[in-house]
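K.L.:
Here you go, one structure.
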Amino acid sequence: MTARRGATPLKRQLTGLLTAFCALTLATPAFSIDARIRGQLEKLAPDERLEQRCDMEAMDKIGAARDGFRPDKVIAYAFGDPKLDGTTFKTKGAVFRSKGEWYRLSYKCEASADRLEVNAFKYKIGDQVPHEDWAAHYLYD
């Protein structure tokens with residue numbers, strides 16, 4: 001999973017680089033993964049690849065919804081563990097950061113067998129996370 005507290009330094013570094021690269025790439029109106037992103041995703045274990053790909057899709061969908069959000073980070077497990085079933089990834093405990101604030105998020109993401117293409121995606125944005133709750137859930141500026 002994405003940069004969990006017990007993740008190895010290499011996984012945290014790769015996840016951080018991938019997230020930063022994807023945040024920059026998602027500025028385009030129609031998001032499809034290019035060869036560089038695909039190559040980085042292919043280096044991840046299948047379950048991690050699915051989570052990262054779904055997190056990217058969440059940022060894309062939220063950013064394209066014209067609700068004023070500009071997501072630059074998604075954490076799928078901040079308020080609870082995601083559920084993985086084959087190529088389907090569901091989370092009710094996710095958050096995303098937009099303009100320096102964190103918001104609750106739930107989503108269901110269905111991907112291709114190689115976990116590189118998203119076939120179906122549904123999401124719901126929840127409340128803003130109060131600053132006093134950030135530390136308990138490892139959220140940051």
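FYI, nothing fancy with the structure tokens labels: chains A, B, ... in order, residues from 1 per chain, ligands from 1 as they appear.
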Give me, as a VMD selection string, all polymer residues having an atom no more than 9 Å from A:Glu110, counting only C-alpha atoms and skipping those fewer than 3 positions away in the same chain.

P.N.:
chain A and resid 50 54 87 to 90 115 117 to 121

K.L.:
If you run DSSP on this backbone, which residues of stretch 52-100 of chain A come out as strand (DSSP E or B), and could you give them as a PyMOL selection string?

P.N.:
chain A and resi 71-75+83-85+88-98

K.L.:
List as a list of chain:residue names the protein and nucleic acid residues near A:Tyr103, meaning an atom at most 12 Å away when only C-alpha atoms are counted, but skip any in the same chain fewer than 5 places from it.

P.N.:
A:Ile62, A:Phe69, A:Arg70, A:Pro71, A:Asp72, A:Lys73, A:Val74, A:Ile75, A:Ala76, A:Ala78, A:Phe79, A:Gly93, A:Ala94, A:Val95, A:Phe96, A:Arg97, A:Ser98, A:Lys124, A:Ile125, A:Gly126, A:Asp127, A:Gln128, A:Val129, A:Pro130, A:His131, A:Asp133, A:Trp134, A:Leu139

K.L.:
Considering only C-alpha atoms, state which residue in the set A:Thr91, A:Leu116, A:Gly80, A:Ala136 is at the smallest distance from A:Leu41.

P.N.:
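Among the listed residues, A:Leu116 lies closest to A:Leu41.
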
K.L.:
With distances taken over only C-alpha atoms, which residue among A:Asp114, A:Asp34, A:Asp141, A:Asp67 lies nearest A:Glu48?

P.N.:
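Smallest distance to A:Glu48 is found for A:Asp114.
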
K.L.:
Mind pulling up the distance from atom CA of A:Lys83 to atom CA of A:Gly100?

P.N.:
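Distance between the two atoms: 27.2 Å.
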